[in-house]
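Trainee: For reference, the file query33.cif (mmCIF, C-alpha atoms) is included below:
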```cif
data_final
loop_
_atom_site.label_atom_id
_atom_site.label_comp_id
_atom_site.auth_asym_id
_atom_site.auth_seq_id
_atom_site.Cartn_x
_atom_site.Cartn_y
_atom_site.Cartn_z
CA TYR A 1 -68.41 -5.82 -53.43
CA GLY A 2 -65.07 -4.34 -54.44
CA LYS A 3 -61.68 -4.41 -52.79
CA PRO A 4 -61.74 -4.43 -48.94
CA GLN A 5 -60.16 -1.36 -47.34
CA ILE A 6 -59.10 -3.09 -44.15
CA LEU A 7 -59.42 -6.60 -42.68
CA TRP A 8 -60.09 -6.90 -38.92
CA LEU A 9 -59.72 -10.22 -37.09
CA TYR A 10 -61.00 -11.01 -33.60
CA ASN A 11 -58.47 -13.60 -32.34
CA PRO A 12 -56.43 -15.81 -34.71
CA TYR A 13 -58.79 -18.77 -34.94
CA ALA A 14 -57.84 -21.26 -37.67
CA PHE A 15 -60.63 -20.47 -40.15
CA GLU A 16 -60.43 -16.70 -39.67
CA ALA A 17 -56.62 -16.73 -39.90
CA CYS A 18 -56.59 -18.78 -43.13
CA PHE A 19 -59.33 -16.58 -44.59
CA ALA A 20 -57.36 -13.44 -43.73
CA ILE A 21 -54.16 -14.83 -45.25
CA LYS A 22 -55.97 -15.62 -48.52
CA LEU A 23 -57.85 -12.33 -48.71
CA SER A 24 -54.82 -10.17 -47.87
CA ARG A 25 -52.84 -11.85 -50.66
CA LEU A 26 -55.66 -11.44 -53.18
CA HIS A 27 -56.32 -7.78 -52.47
CA SER A 28 -53.19 -6.54 -50.67
CA CYS A 29 -55.38 -5.02 -47.95
CA PRO A 30 -54.00 -4.22 -44.48
CA VAL A 31 -54.74 -6.69 -41.67
CA VAL A 32 -55.52 -5.68 -38.08
CA LEU A 33 -55.54 -8.40 -35.39
CA GLU A 34 -57.45 -7.99 -32.14
CA LEU A 35 -55.68 -10.48 -29.86
CA GLU A 36 -57.61 -11.17 -26.66
CA ASP A 37 -56.68 -14.82 -26.07
CA ALA A 38 -53.47 -16.53 -27.14
CA PRO A 39 -54.42 -19.86 -28.82
CA LEU A 40 -52.71 -22.02 -26.18
CA ALA A 41 -53.51 -19.88 -23.13
CA ARG A 42 -56.35 -22.05 -21.84
CA LYS A 43 -56.28 -25.77 -21.12
CA ARG A 44 -58.50 -27.73 -23.49
CA GLY A 45 -57.42 -31.30 -22.73
CA LEU A 46 -57.19 -33.43 -25.89
CA ASN A 47 -59.11 -30.94 -28.01
CA PRO A 48 -56.99 -30.38 -31.17
CA LYS A 49 -58.55 -26.99 -32.02
CA PRO A 50 -56.15 -24.80 -29.97
CA TRP A 51 -53.17 -26.45 -31.70
CA LEU A 52 -54.71 -25.87 -35.14
CA ASP A 53 -55.46 -22.28 -34.15
CA ASN A 54 -51.84 -21.84 -33.05
CA LEU A 55 -50.47 -23.17 -36.35
CA ALA A 56 -52.74 -20.83 -38.29
CA TYR A 57 -51.76 -17.97 -35.95
CA LYS A 58 -48.07 -18.43 -36.77
CA ARG A 59 -48.82 -18.46 -40.49
CA LEU A 60 -50.92 -15.33 -40.12
CA LEU A 61 -48.31 -13.16 -38.37
CA PRO A 62 -46.36 -12.15 -41.53
CA CYS A 63 -49.63 -10.76 -42.93
CA VAL A 64 -50.56 -8.65 -39.87
CA ASP A 65 -49.90 -4.91 -40.09
CA TYR A 66 -51.38 -3.72 -36.77
CA ALA A 67 -52.61 -5.43 -33.62
CA PHE A 68 -54.64 -4.61 -30.52
CA CYS A 69 -53.54 -6.74 -27.51
CA VAL A 70 -55.02 -7.25 -24.06
CA ASN A 71 -51.67 -7.06 -22.25
CA LYS A 72 -48.02 -6.15 -22.64
CA ALA A 73 -46.79 -9.76 -22.87
CA LEU A 74 -48.90 -10.49 -25.96
CA ALA A 75 -47.91 -7.15 -27.48
CA ALA A 76 -44.21 -7.97 -26.99
CA CYS A 77 -44.64 -11.26 -28.88
CA LEU A 78 -46.16 -9.46 -31.86
CA GLU A 79 -43.60 -6.66 -31.78
CA GLU A 80 -40.91 -9.29 -32.30
CA HIS A 81 -42.52 -9.81 -35.71
CA LYS A 82 -42.31 -6.06 -36.45
CA ILE A 83 -46.04 -5.58 -35.93
CA LYS A 84 -47.22 -2.22 -34.64
CA THR A 85 -49.27 -2.90 -31.48
CA PHE A 86 -51.74 -1.02 -29.28
CA LEU A 87 -52.91 -2.08 -25.82
CA LEU A 88 -56.65 -2.69 -25.50
CA PRO A 89 -57.48 -4.73 -22.36
CA GLY A 90 -61.17 -3.89 -22.62
CA LEU A 91 -63.77 -1.62 -24.18
CA LEU A 92 -66.55 0.22 -22.36
CA ALA A 93 -69.56 1.98 -23.83
CA GLN A 94 -69.83 5.55 -22.55
CA SER A 95 -73.42 4.98 -21.40
CA PHE A 96 -72.38 1.88 -19.39
CA LEU A 97 -69.41 3.74 -17.92
CA GLU A 98 -71.65 6.53 -16.64
CA LYS A 99 -74.05 4.06 -15.02
CA ILE A 100 -71.42 2.05 -13.12
CA GLN A 101 -69.88 5.24 -11.71
CA LYS A 102 -73.05 6.33 -9.93
CA GLY A 103 -73.01 6.52 -6.14
CA SER A 104 -70.13 6.85 -3.71
CA PRO A 105 -68.29 3.78 -2.41
CA PHE A 106 -68.24 3.15 1.35
CA ALA A 107 -71.05 5.60 2.04
CA GLY A 108 -72.99 3.13 4.21
CA GLN A 109 -72.27 1.18 7.36
CA LYS A 110 -72.15 -2.22 5.67
CA ILE A 111 -69.55 -3.06 3.03
CA THR A 112 -71.06 -4.41 -0.18
CA ILE A 113 -68.83 -6.84 -2.06
CA GLY A 114 -69.49 -7.80 -5.66
CA TYR A 115 -68.41 -10.54 -8.03
CA PHE A 116 -69.57 -10.40 -11.65
CA GLY A 117 -68.23 -13.22 -13.77
CA GLN A 118 -68.18 -16.89 -14.62
CA LEU A 119 -68.85 -19.21 -11.70
CA SER A 120 -65.98 -21.64 -12.25
CA GLU A 121 -62.78 -22.80 -10.58
CA GLU A 122 -60.64 -21.03 -13.20
CA LYS A 123 -62.28 -17.69 -12.44
CA GLY A 124 -61.80 -18.18 -8.70
CA ALA A 125 -65.47 -18.56 -7.82
CA ARG A 126 -64.59 -21.27 -5.26
CA VAL A 127 -62.70 -18.61 -3.30
CA ILE A 128 -65.80 -16.39 -3.35
CA LEU A 129 -67.86 -19.26 -1.96
CA GLY A 130 -65.41 -19.82 0.87
CA ALA A 131 -65.29 -16.14 1.78
CA ALA A 132 -69.07 -15.65 1.56
CA LYS A 133 -69.58 -18.52 4.02
CA THR A 134 -67.61 -16.58 6.63
CA VAL A 135 -69.99 -15.07 9.18
CA ASN A 136 -69.53 -11.29 9.17
CA ASN A 137 -72.62 -9.10 9.47
CA GLU A 138 -70.66 -6.06 8.26
CA PHE A 139 -70.48 -7.54 4.74
CA ARG A 140 -73.13 -7.83 2.06
CA TRP A 141 -72.37 -10.01 -0.98
CA ILE A 142 -73.72 -9.52 -4.53
CA ILE A 143 -73.02 -12.29 -7.05
CA THR A 144 -73.99 -12.61 -10.71
CA GLY A 145 -73.03 -15.06 -13.43
CA ALA A 146 -73.41 -18.69 -14.44
CA GLY A 147 -71.20 -21.76 -14.54
CA PRO A 148 -70.35 -25.08 -12.87
CA LEU A 149 -70.58 -23.61 -9.34
CA GLU A 150 -73.93 -21.89 -9.92
CA LYS A 151 -75.90 -24.38 -7.78
CA ASP A 152 -73.46 -23.88 -4.91
CA PHE A 153 -74.23 -20.16 -4.90
CA GLN A 154 -77.97 -20.79 -5.11
CA LYS A 155 -77.74 -23.11 -2.10
CA LEU A 156 -75.64 -20.63 -0.11
CA THR A 157 -78.12 -17.84 -0.85
CA LEU A 158 -80.95 -19.89 0.67
CA SER A 159 -78.97 -20.33 3.90
CA ARG A 160 -77.63 -16.75 4.01
CA PRO A 161 -80.40 -14.53 2.52
CA ASP A 162 -79.51 -11.59 4.78
CA THR A 163 -75.91 -11.37 3.63
CA LEU A 164 -75.79 -12.81 0.11
CA SER A 165 -77.79 -12.05 -3.04
CA PHE A 166 -77.31 -14.25 -6.09
CA TYR A 167 -78.82 -13.00 -9.36
CA GLY A 168 -77.51 -15.48 -11.95
CA ARG A 169 -77.47 -14.05 -15.47
CA VAL A 170 -78.51 -10.40 -15.63
CA SER A 171 -79.10 -7.76 -18.28
CA GLU A 172 -76.52 -5.05 -18.94
CA GLU A 173 -78.81 -2.51 -17.26
CA LYS A 174 -79.08 -4.65 -14.12
CA LEU A 175 -75.35 -5.38 -14.13
CA ALA A 176 -74.51 -1.68 -14.22
CA TYR A 177 -76.89 -1.02 -11.32
CA LEU A 178 -75.39 -3.82 -9.22
CA ILE A 179 -71.81 -2.69 -9.88
CA SER A 180 -72.72 0.85 -8.80
CA SER A 181 -74.17 -0.62 -5.58
CA CYS A 182 -70.82 -2.10 -4.51
CA ASP A 183 -67.96 -0.81 -2.41
CA VAL A 184 -65.56 -3.62 -3.34
CA ILE A 185 -65.31 -5.73 -6.51
CA LEU A 186 -63.42 -9.03 -6.62
CA ASN A 187 -61.31 -10.64 -9.33
CA PRO A 188 -60.04 -13.93 -7.85
CA HIS A 189 -58.99 -15.41 -11.22
CA THR A 190 -56.51 -18.32 -11.02
CA PRO A 191 -52.92 -17.23 -11.86
CA ILE A 192 -52.81 -16.00 -15.45
CA GLU A 193 -49.03 -16.49 -15.61
CA LYS A 194 -49.85 -20.22 -15.75
CA MET A 195 -51.53 -19.47 -19.07
CA GLY A 196 -48.43 -17.85 -20.47
CA ASN A 197 -49.98 -14.44 -19.75
CA GLY A 198 -52.10 -15.11 -22.82
CA VAL A 199 -55.29 -13.52 -21.50
CA PHE A 200 -56.42 -10.50 -19.49
CA PRO A 201 -59.72 -10.41 -17.55
CA PHE A 202 -61.86 -7.63 -19.02
CA LYS A 203 -63.73 -7.38 -15.71
CA VAL A 204 -60.62 -5.72 -14.24
CA ILE A 205 -61.04 -2.69 -16.50
CA GLU A 206 -64.76 -2.60 -15.77
CA ALA A 207 -64.18 -2.70 -12.01
CA VAL A 208 -61.49 -0.02 -11.96
CA ALA A 209 -63.57 2.22 -14.21
CA SER A 210 -66.46 2.01 -11.74
CA GLY A 211 -64.38 3.74 -9.07
CA ARG A 212 -64.77 0.88 -6.63
CA LEU A 213 -61.96 -0.81 -4.70
CA LEU A 214 -60.75 -3.81 -6.71
CA LEU A 215 -59.22 -6.80 -4.94
CA SER A 216 -57.49 -9.06 -7.46
CA THR A 217 -55.11 -11.95 -7.79
CA SER A 218 -51.93 -11.38 -9.83
CA LEU A 219 -52.32 -10.03 -13.37
CA PRO A 220 -50.08 -9.93 -16.44
CA ASP A 221 -48.34 -6.61 -17.07
CA LEU A 222 -50.76 -4.25 -18.75
CA GLY A 223 -48.12 -1.61 -19.29
CA VAL A 224 -50.25 1.03 -17.54
CA ASP A 225 -48.98 1.89 -14.06
CA SER A 226 -51.94 4.12 -13.17
CA ILE A 227 -54.33 1.17 -13.42
CA PHE A 228 -52.16 -1.31 -11.52
CA LYS A 229 -51.48 1.12 -8.67
CA SER A 230 -55.20 1.44 -8.03
CA ILE A 231 -55.64 -2.34 -7.48
CA VAL A 232 -55.11 -4.21 -4.21
CA PHE A 233 -53.62 -7.65 -4.87
CA PHE A 234 -54.04 -10.80 -2.78
CA ASP A 235 -52.71 -14.35 -3.09
CA GLY A 236 -55.98 -16.04 -4.06
CA SER A 237 -56.65 -17.63 -0.67
CA VAL A 238 -59.83 -17.14 1.37
CA ARG A 239 -57.74 -16.19 4.38
CA GLU A 240 -55.93 -13.30 2.72
CA LEU A 241 -59.07 -12.16 0.92
CA MET A 242 -60.88 -11.84 4.24
CA ALA A 243 -57.91 -10.01 5.74
CA LYS A 244 -58.09 -7.44 2.93
CA LEU A 245 -61.86 -7.11 3.20
CA ASN A 246 -61.58 -6.42 6.93
CA VAL A 247 -59.54 -3.27 6.18
CA ALA A 248 -61.31 -2.40 2.89
CA ARG A 249 -62.35 1.10 3.99
CA GLN A 250 -58.77 1.98 4.86
CA LEU A 251 -57.45 0.50 1.60
CA TYR A 252 -59.96 2.53 -0.39
CA GLN A 253 -58.96 5.76 1.35
CA GLU A 254 -55.28 5.04 0.68
CA ARG A 255 -55.89 4.46 -3.04
CA ARG A 256 -58.70 6.94 -3.64
CA GLU A 257 -56.63 9.33 -5.73
CA MET A 258 -54.99 6.48 -7.68
CA ILE A 259 -58.44 5.04 -8.45
CA ARG A 260 -59.54 8.42 -9.83
CA LYS A 261 -56.46 8.63 -12.05
CA ALA A 262 -57.09 5.10 -13.31
CA GLN A 263 -60.72 5.98 -14.05
CA LYS A 264 -59.62 8.94 -16.16
CA TYR A 265 -57.06 6.86 -18.05
CA ILE A 266 -59.70 4.26 -18.91
CA ALA A 267 -62.18 6.92 -20.00
CA ASP A 268 -59.51 8.48 -22.24
CA ASN A 269 -58.27 5.23 -23.78
CA TYR A 270 -60.75 2.36 -23.51
CA THR A 271 -64.12 3.77 -24.53
CA GLU A 272 -65.79 3.34 -27.92
CA SER A 273 -64.88 6.88 -28.98
CA ALA A 274 -61.23 6.34 -27.99
CA LEU A 275 -61.04 3.13 -30.05
CA TYR A 276 -62.73 4.87 -32.98
CA ASN A 277 -60.03 7.55 -32.94
CA GLN A 278 -57.29 4.90 -32.87
CA ILE A 279 -58.79 3.05 -35.82
CA ARG A 280 -59.20 6.28 -37.75
CA ASN A 281 -55.52 7.10 -37.14
CA ILE A 282 -54.50 3.64 -38.36
CA ILE A 283 -56.52 4.03 -41.56
CA GLU A 284 -54.98 7.44 -42.15
CA MET A 285 -51.48 5.94 -41.80
CA LEU A 286 -52.16 3.21 -44.37
#
```
Could you rewrite the structure in this file as C-alpha cells?

Mentor:
Amino acid sequence: YGKPQILWLYNPYAFEACFAIKLSRLHSCPVVLELEDAPLARKRGLNPKPWLDNLAYKRLLPCVDYAFCVNKALAACLEEHKIKTFLLPGLLAQSFLEKIQKGSPFAGQKITIGYFGQLSEEKGARVILGAAKTVNNEFRWIITGAGPLEKDFQKLTLSRPDTLSFYGRVSEEKLAYLISSCDVILNPHTPIEKMGNGVFPFKVIEAVASGRLLLSTSLPDLGVDSIFKSIVFFDGSVRELMAKLNVARQLYQERREMIRKAQKYIADNYTESALYNQIRNIIEML
C-alpha cells in the first residue's frame, strides 16, 4: 500500500503505541497523537492494562510530532517533550451543533434541567438523583444515558412522572432535540483533579455550544477563558446544586453574553471543518 503519509493515534494504548513506534521507524512518517485520556487517569483496581498502556505511552513520546489534547494539563506534559500540541476538548458536527442550538432558554415558566451522560457515581449521577427527588414544581428534569444507576432513575420516574422524564439510551437525533429543550444542563462529574487532570468531559463542550446554562463541578484548565467564564461551578453537593438551580434564570441573564462568546469560540475551533483545517495545516508543515 506504499509509505504512510501520516500516522494518527487515538490515545496511547499499548498495542497502538507499539505499532506506531514500529511503523514510524520503518517509514519515518510523522506521528500525531490524539490524547483524550491519560493512561492512569481512571481507577481500574488490579487491572494491569493501564500500567502497560502507560509504559507504552512513555516509549511512544519520542516518536510523536504533534498532539491534540483535551486540556491544558495534558498539553503541558507533552510540551515538556518538545511536542507541538493543540487543544481539542471535543468535536461537534455542524449539523448536530445547529440542532442543539434551536429554541431559546428560559422562555417558559418551568425550568427544564437536563443530564445527558453515563449513570454512574463517577459521573455524578447520584447527585442528580438526590436533586431530582427534591419536590419543586417549577423544575422539569430530562435524563438520558445508561449505567449502574439506571434502575434508580427508572424507579424515580415512576414515582415522579410529572417532573422527571427518563429516556435511557437515545439516538443522536433524539439527543439533539432533548438538549435543545433544556434551559439548564448539568455536569456533576466527580473531581477530575483526583485523576491527575487526565481527562476532560466532552459533554461540557456540547452543553456550552448549545447556548444553555451549564452547571458543573470543577474542571481541569482548558486554556480557554471564554468557555470557562460561561460556566457556573458548584461543589458537587445536592444542596449547592439546588441553590444554583433556584436562581438559574438570574445566572443565565448574568452570563448570557459570555455564553454567546463561548458558543462562537466552539463553532470556530471545535467543529469538523475547524479540525480539518488544523490537520491540513499540520500536513503542510511536515

Trainee: Work out how far atom CA of A:Phe233 is from atom CA of A:Ser216, in Å to one decimal.

Mentor: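 Between atom CA of A:Ser216 and atom CA of A:Phe233 the gap works out to 4.9 Å.
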
Trainee: Can you translate the PyMOL selection byres ((chain A and resi 239) around 12) into the concrete residues it hits in this file, as a VMD selection string?

Mentor: chain A and resid 127 to 128 130 to 132 134 234 to 238 240 to 246

Trainee: Run the PyMOL selection byres ((chain A and resi 247-249) around 12) mentally over the shown coordinates, then write out the matched residues as a ChimeraX atom specification, using the chain letters and numbers from the document.

Mentor: /A:105-113,138-139,183-186,212-215,231-232,240-246,250-256

Trainee: Identify which of the residues A:Lys155, A:Lys133, A:Lys99, A:Arg280 lies closest to A:Ser180, counting only C-alpha atoms when measuring atom-to-atom distances.

Mentor: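 Selected residue with least distance to A:Ser180: A:Lys99.
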
Trainee: I need the residue set behind the PyMOL selection byres ((chain A and resi 146) around 10) for this file; please write it as a VMD selection string.

Mentor: chain A and resid 116 to 120 143 to 145 147 to 151 153 167 to 170

Trainee: Of the residues A:Tyr66, A:Arg160, A:Asn54, A:Asp152, which is the one nearest to A:Ala125, using all atoms listed in the file?

Mentor: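 Going through A:Tyr66, A:Arg160, A:Asn54, A:Asp152 one by one, the smallest distance to A:Ala125 is for A:Asp152.
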
Trainee: With all atoms listed in the file as the atoms that count, which of A:Gly45, A:Gly211, A:Gly124, A:Pro62 lies nearest to A:Lys261?

Mentor: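 Once distances to A:Lys261 are computed over all atoms listed in the file, the minimum belongs to A:Gly211.
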
Trainee: Name the closest residue to A:Thr190 among the candidates A:Ile282, A:Leu219, A:Ala56, A:Ile266; distances are taken between atoms, counting all atoms listed in the file.

Mentor: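 Using all atoms listed in the file, A:Thr190 sits closest to A:Leu219.
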
Trainee: Can you work out the spacing between atom CA of A:Cys182 and atom CA of A:Asn136 in Å, to one decimal?

Mentor: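 According to the coordinates, atom CA of A:Cys182 and atom CA of A:Asn136 are separated by 16.5 Å.
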
Trainee: Please, what distance in Å, to one decimal, runs between atom CA of A:Glu80 and atom CA of A:Asp53?

Mentor: 19.6 Å

Trainee: Kindly indicate which residue among A:Pro12, A:Pro188, A:Gly114, A:Pro30 lies nearest to A:Leu164, using all atoms listed in the file for the distances.

Mentor: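 Smallest separation from A:Leu164 among the options: A:Gly114.
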
Trainee: Any idea what's packed within 9 Å of A:Tyr57, counting all atoms listed in the file, ignoring anything in its chain fewer than 4 positions away? Could you give it as number ranges by chain?

Mentor: A: 11-14, 17-18, 39, 52-53, 61

Trainee: At a cut-off of 9 Å, using all atoms listed in the file, what residues contact A:Lys264? Leave out same-chain residues fewer than 5 positions from it and give the result as a count of residues only.

Mentor: 3

Trainee: Using all atoms listed in the file, determine which residues lie at most 10 Å from A:Ser95, disregarding the query and same-chain residues fewer than 4 positions distant; provide the list as a list of chain:residue names.

Mentor: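 What passes the distance filter is A:Lys99, A:Ile100, A:Ala176, A:Thr271.
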
Trainee: Is it possible to get the residues within 9 Å of (-67.1, -4.3, -15.1) (coordinates as in the file, counting all atoms listed in the file) written as a PyMOL selection string?

Mentor: chain A and resi 92+97+100+116+175-176+179+185+202-210
